[in-house]
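The data block below is protein-v5.csv; it holds CSV, C-alpha atoms.
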```csv
chain,number,residue,atom,x,y,z
A,1,MET,CA,0.0,0.0,0.0
A,2,PHE,CA,1.0,3.6,-0.2
A,3,VAL,CA,1.3,5.7,3.0
A,4,TYR,CA,0.8,9.4,2.2
A,5,VAL,CA,3.2,11.6,4.2
A,6,ARG,CA,4.3,15.3,4.2
A,7,GLU,CA,5.0,17.1,1.0
A,8,ALA,CA,8.6,16.5,0.1
A,9,HIS,CA,8.9,19.6,-2.2
A,10,PRO,CA,6.2,22.1,-1.2
A,11,GLY,CA,5.8,25.2,-3.3
A,12,GLU,CA,3.2,27.8,-4.5
A,13,ARG,CA,1.3,25.2,-6.5
A,14,LEU,CA,1.2,22.5,-3.8
A,15,PRO,CA,2.0,23.9,-0.4
A,16,HIS,CA,2.9,22.1,2.9
A,17,HIS,CA,0.0,20.6,4.8
A,18,ALA,CA,-1.7,22.9,7.2
A,19,SER,CA,-4.6,20.6,8.0
A,20,ILE,CA,-5.5,16.9,7.7
A,21,ASP,CA,-8.2,17.9,5.1
A,22,GLN,CA,-5.6,19.5,2.9
A,23,LYS,CA,-3.4,16.4,3.3
A,24,MET,CA,-6.4,14.2,2.3
A,25,GLN,CA,-7.0,16.4,-0.8
A,26,HIS,CA,-3.4,16.2,-1.9
A,27,ALA,CA,-3.6,12.4,-1.5
A,28,ARG,CA,-6.8,12.4,-3.7
A,29,TRP,CA,-5.0,14.4,-6.4
A,30,PHE,CA,-2.0,12.0,-6.2
A,31,CYS,CA,-4.4,9.0,-6.6
A,32,GLU,CA,-6.0,10.6,-9.7
A,33,ARG,CA,-2.8,11.9,-11.2
A,34,TRP,CA,-1.0,8.5,-11.1
A,35,LEU,CA,-4.1,6.3,-11.4
A,36,VAL,CA,-3.2,4.5,-8.1
A,37,ARG,CA,-5.1,1.3,-7.5
A,38,ARG,CA,-3.4,0.0,-4.3
A,39,PRO,CA,-4.8,1.3,-1.0
A,40,ILE,CA,-3.7,4.8,-0.1
A,41,LEU,CA,-3.5,5.4,3.7
A,42,VAL,CA,-3.0,8.9,5.0
A,43,ASP,CA,-0.7,9.3,8.0
A,44,ASP,CA,-1.8,11.8,10.6
A,45,LEU,CA,-0.9,15.4,10.1
A,46,ASP,CA,2.3,15.4,12.3
A,47,GLY,CA,3.5,12.2,10.6
A,48,PRO,CA,3.8,9.7,13.5
A,49,LEU,CA,4.1,6.6,11.3
A,50,HIS,CA,6.4,8.4,8.8
A,51,GLN,CA,8.7,9.3,11.6
A,52,ALA,CA,8.5,5.8,13.2
A,53,TYR,CA,9.7,4.3,9.9
A,54,GLY,CA,12.5,6.8,9.3
A,55,THR,CA,11.0,10.1,7.9
A,56,LEU,CA,12.5,9.7,4.4
A,57,PRO,CA,10.5,11.0,1.4
A,58,ASN,CA,10.1,7.8,-0.6
A,59,MET,CA,11.1,4.7,1.5
A,60,THR,CA,9.8,1.2,0.9
A,61,TYR,CA,9.3,-1.5,3.5
A,62,ILE,CA,8.2,-5.0,3.2
A,63,VAL,CA,6.5,-6.3,6.4
A,64,SER,CA,5.9,-10.1,6.9
A,65,ALA,CA,2.6,-11.6,7.9
A,66,VAL,CA,3.9,-11.9,11.5
A,67,GLY,CA,4.5,-8.1,11.5
A,68,ARG,CA,8.3,-8.0,11.2
A,69,VAL,CA,10.4,-5.9,8.9
A,70,ALA,CA,11.6,-8.1,6.1
A,71,TYR,CA,13.0,-5.4,3.8
A,72,ARG,CA,13.6,-1.7,4.1
A,73,ALA,CA,15.1,0.7,1.6
A,74,ASP,CA,15.8,4.5,1.6
A,75,TRP,CA,14.3,4.9,-1.8
A,76,THR,CA,11.8,3.0,-3.9
A,77,ASP,CA,13.2,0.8,-6.5
A,78,ALA,CA,10.7,-1.4,-8.3
A,79,HIS,CA,13.3,-3.8,-9.6
A,80,SER,CA,14.7,-4.7,-6.2
A,81,ILE,CA,11.2,-4.9,-4.6
A,82,LYS,CA,10.2,-7.5,-7.2
A,83,TRP,CA,13.4,-9.4,-6.6
A,84,VAL,CA,12.8,-9.5,-2.8
A,85,LEU,CA,9.2,-10.6,-3.2
A,86,ASP,CA,10.4,-13.4,-5.5
A,87,TYR,CA,12.9,-14.4,-2.8
A,88,LEU,CA,10.3,-14.3,0.0
A,89,ARG,CA,7.9,-16.4,-2.1
A,90,HIS,CA,10.7,-19.0,-2.7
A,91,GLU,CA,11.5,-19.0,1.0
A,92,SER,CA,7.9,-19.7,2.0
A,93,VAL,CA,7.7,-22.6,-0.6
A,94,GLU,CA,10.9,-24.0,0.9
A,95,LYS,CA,9.5,-23.8,4.4
A,96,ALA,CA,6.3,-25.4,3.4
A,97,THR,CA,7.7,-28.2,1.3
A,98,THR,CA,11.2,-29.2,2.6
A,99,ARG,CA,11.0,-27.7,6.1
A,100,ARG,CA,14.8,-27.6,6.0
A,101,VAL,CA,15.4,-23.9,6.5
A,102,THR,CA,17.2,-21.9,9.2
A,103,PRO,CA,17.3,-18.1,9.8
A,104,PHE,CA,20.1,-15.9,8.5
A,105,TYR,CA,20.6,-12.2,8.2
A,106,SER,CA,21.8,-10.1,5.2
A,107,GLU,CA,22.2,-6.5,4.1
A,108,LEU,CA,22.3,-5.3,0.6
A,109,ALA,CA,23.5,-1.9,-0.9
A,110,GLY,CA,23.1,-1.1,-4.6
A,111,HIS,CA,22.1,1.4,-7.2
A,112,ARG,CA,18.7,2.4,-8.5
A,113,SER,CA,17.9,3.7,-11.9
A,114,VAL,CA,17.2,7.4,-12.4
A,115,MET,CA,15.6,8.6,-15.6
A,116,ASP,CA,16.8,11.7,-17.3
A,117,TYR,CA,18.1,13.4,-14.1
A,118,PRO,CA,18.0,16.3,-13.5
A,119,ARG,CA,15.8,17.5,-16.3
A,120,ALA,CA,12.8,15.1,-15.6
A,121,PHE,CA,13.2,15.6,-11.9
A,122,ILE,CA,13.1,19.4,-12.2
A,123,GLU,CA,10.1,19.2,-14.5
A,124,GLY,CA,8.4,17.1,-11.9
A,125,LEU,CA,9.2,19.6,-9.1
A,126,ALA,CA,7.8,22.5,-11.2
A,127,ARG,CA,4.6,20.7,-12.2
A,128,GLY,CA,4.0,19.7,-8.6
A,129,GLY,CA,5.1,22.2,-6.0
A,130,GLY,CA,5.9,24.9,-8.5
A,131,ALA,CA,8.8,27.3,-9.3
A,132,ARG,CA,9.5,27.8,-5.6
A,133,ALA,CA,10.0,24.1,-5.1
A,134,VAL,CA,12.5,24.1,-7.9
A,135,GLU,CA,14.4,27.1,-6.6
A,136,GLU,CA,14.6,25.8,-3.1
A,137,PHE,CA,15.8,22.4,-4.2
A,138,ILE,CA,18.6,23.9,-6.4
A,139,ASN,CA,19.6,26.2,-3.5
A,140,ALA,CA,19.9,23.2,-1.2
A,141,VAL,CA,22.0,21.3,-3.8
A,142,GLU,CA,24.3,24.3,-4.0
A,143,GLN,CA,24.6,24.5,-0.2
A,144,ARG,CA,25.3,20.8,0.2
A,145,ARG,CA,27.2,19.9,-3.0
A,146,GLY,CA,28.4,23.1,-4.4
A,147,LYS,CA,27.9,25.2,-7.6
A,148,SER,CA,29.3,22.5,-9.9
A,149,GLU,CA,26.2,20.4,-9.2
A,150,ALA,CA,23.7,23.3,-8.9
A,151,ASP,CA,24.7,25.3,-12.0
A,152,PRO,CA,23.8,22.7,-14.5
A,153,MET,CA,20.4,22.4,-12.8
A,154,ARG,CA,20.0,26.1,-13.1
A,155,ARG,CA,20.7,26.0,-16.8
A,156,VAL,CA,18.2,23.2,-17.3
A,157,TRP,CA,15.6,25.1,-15.3
A,158,SER,CA,16.1,28.3,-17.3
A,159,GLN,CA,15.7,26.4,-20.5
A,160,ILE,CA,12.4,24.7,-19.6
A,161,GLN,CA,10.9,27.2,-17.1
A,162,GLN,CA,8.6,29.1,-19.4
A,163,GLN,CA,7.3,26.1,-21.2
A,164,VAL,CA,6.7,24.1,-18.0
A,165,LEU,CA,5.0,26.9,-16.0
A,166,ALA,CA,2.8,27.6,-19.0
A,167,GLN,CA,1.2,24.2,-18.7
A,168,PRO,CA,-1.7,23.6,-16.4
A,169,ALA,CA,-0.7,22.9,-12.8
A,170,ASP,CA,-0.5,19.3,-11.5
A,171,PRO,CA,-3.3,18.4,-10.7
B,1,MET,CA,16.9,25.1,14.6
B,2,THR,CA,14.4,22.3,14.4
B,3,GLU,CA,12.3,22.3,11.2
B,4,ALA,CA,8.6,21.6,11.7
B,5,TYR,CA,7.5,18.2,10.3
B,6,ASN,CA,5.4,19.9,7.6
B,7,TYR,CA,8.1,22.2,6.5
B,8,GLU,CA,7.1,25.2,4.3
B,9,HIS,CA,10.5,25.4,2.7
B,10,PHE,CA,12.7,22.6,1.5
B,11,PRO,CA,15.4,22.0,4.2
B,12,GLN,CA,18.9,23.4,3.2
B,13,ASP,CA,20.6,20.2,4.4
B,14,LEU,CA,18.8,18.2,1.8
B,15,ASP,CA,17.6,15.9,4.6
B,16,ALA,CA,21.1,14.3,4.6
B,17,PRO,CA,21.0,13.6,8.4
B,18,LEU,CA,17.8,11.5,7.9
B,19,PHE,CA,19.4,9.5,5.2
B,20,ALA,CA,22.5,8.8,7.4
B,21,ALA,CA,20.3,7.8,10.3
B,22,PHE,CA,18.2,5.5,8.3
B,23,GLN,CA,21.0,2.9,8.0
B,24,ASN,CA,21.1,2.6,11.7
B,25,GLY,CA,17.4,2.9,12.3
B,26,LEU,CA,14.6,0.3,12.4
B,27,ARG,CA,16.3,-3.0,11.7
B,28,VAL,CA,15.0,-6.0,9.6
B,29,GLY,CA,13.7,-8.7,11.8
B,30,THR,CA,12.3,-6.3,14.4
B,31,PRO,CA,8.5,-5.6,14.8
B,32,ALA,CA,7.1,-3.1,12.3
B,33,PRO,CA,5.7,0.0,13.9
B,34,ASP,CA,1.9,0.0,14.0
B,35,GLY,CA,-0.5,2.9,14.2
B,36,GLU,CA,-3.8,4.3,12.9
B,37,VAL,CA,-4.1,5.9,9.5
B,38,THR,CA,-7.0,7.2,7.5
B,39,ARG,CA,-8.0,5.2,4.5
B,40,LEU,CA,-8.4,7.5,1.5
B,41,GLU,CA,-11.1,5.4,-0.2
B,42,ASP,CA,-13.7,5.8,2.5
B,43,GLY,CA,-12.2,7.9,5.3
B,44,ALA,CA,-12.1,5.0,7.7
B,45,ARG,CA,-9.5,4.8,10.5
B,46,VAL,CA,-7.6,1.6,10.2
B,47,PHE,CA,-4.5,0.1,11.8
B,48,LEU,CA,-1.6,-0.5,9.4
B,49,SER,CA,-1.3,-4.0,10.9
B,50,GLU,CA,-4.7,-5.0,9.5
B,51,TYR,CA,-2.9,-5.1,6.1
B,52,TRP,CA,-0.1,-7.5,7.0
B,53,ARG,CA,-2.2,-9.9,9.0
B,54,ALA,CA,-3.2,-12.0,6.0
B,55,SER,CA,0.1,-11.8,4.0
B,56,PRO,CA,3.3,-9.8,3.6
B,57,VAL,CA,2.8,-6.2,2.4
B,58,VAL,CA,4.9,-3.7,0.5
B,59,ILE,CA,4.6,-0.3,2.1
B,60,GLU,CA,5.7,2.7,0.0
B,61,PHE,CA,5.9,6.2,1.7
B,62,GLY,CA,5.5,9.3,-0.4
B,63,SER,CA,3.7,12.4,-1.5
B,64,ILE,CA,2.5,14.1,-4.7
B,65,THR,CA,5.5,16.5,-4.7
```
Take the structure in the file and write it out as structure tokens.
Amino acid sequence: MFVYVREAHPGERLPHHASIDQKMQHARWFCERWLVRRPILVDDLDGPLHQAYGTLPNMTYIVSAVGRVAYRADWTDAHSIKWVLDYLRHESVEKATTRRVTPFYSELAGHRSVMDYPRAFIEGLARGGGARAVEEFINAVEQRRGKSEADPMRRVWSQIQQQVLAQPADP
Amino acid sequence: MTEAYNYEHFPQDLDAPLFAAFQNGLRVGTPAPDGEVTRLEDGARVFLSEYWRASPVVIEFGSIT
């Protein structure tokens, strides 16, 4: 399922949540925009569950039927989620058929694919939060990673700004 | 300065401390936190655990922005 949390990149088009009703409305727009079919569950306004799980903007967890964390990731990567689900399915078949299994622990670090970054990402920020969301993100990149990373983003933004902002807002 | 949870402006530190803390946070094998949420479909209050009772669940966290 999808747990709806605080706005990661608020701006003039989609501001931060000031009420639970507003959060629910944003969640509705999200559902419509992306044609989401799985259950969307809205966390309370102050984000208690979001914070209990780590407060990151797009984490994924897999929780087993006995309520234990089976997988956790700091970003959502569909490819690795599918791989883990296949593994868990295989594991349960082994348990049910051979009954010759024993616990073990592992950690995994890897890479996830990013499509057309930063251009597509900046377009997404503009269509969502708006121009302010773009500018604040680029400023934060400059602060943390320097002008060498921020300046190419500024160039991309100046190229696409007029065209993107002329389009209807998302939603 | 502590930023409010529902920040109005994107944090200048790019939420880097949160990403660093994540690796040492909730560990696999430990109980998943439970709590009440509001189901968008009908506005009902439900516990997250109702979803993993029957079978494993994938929980993705996010927002429209």
Distance of CA of Ala109 in chain A from CA of Asp74 in chain A, expressed in Å to one decimal place: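 Here the two named atoms are 10.3 Å from each other.
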Only residues of chain B matter here; which ones have an atom within 6 Å of chain A, counting all atoms listed in the file? Give them as an MDAnalysis selection string. chainID B and resid 6 8 10 12 14 22 28:32 37:40 52:53 55:65
Calculate how many Å separate CA of Ala131 in chain A from CA of Gln161 in chain A, rounding to one decimal.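 So the answer is 8.1 Å.
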What is the CA of His79 in chain A to CA of Val114 in chain A distance in Å?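 So the answer is 12.2 Å.
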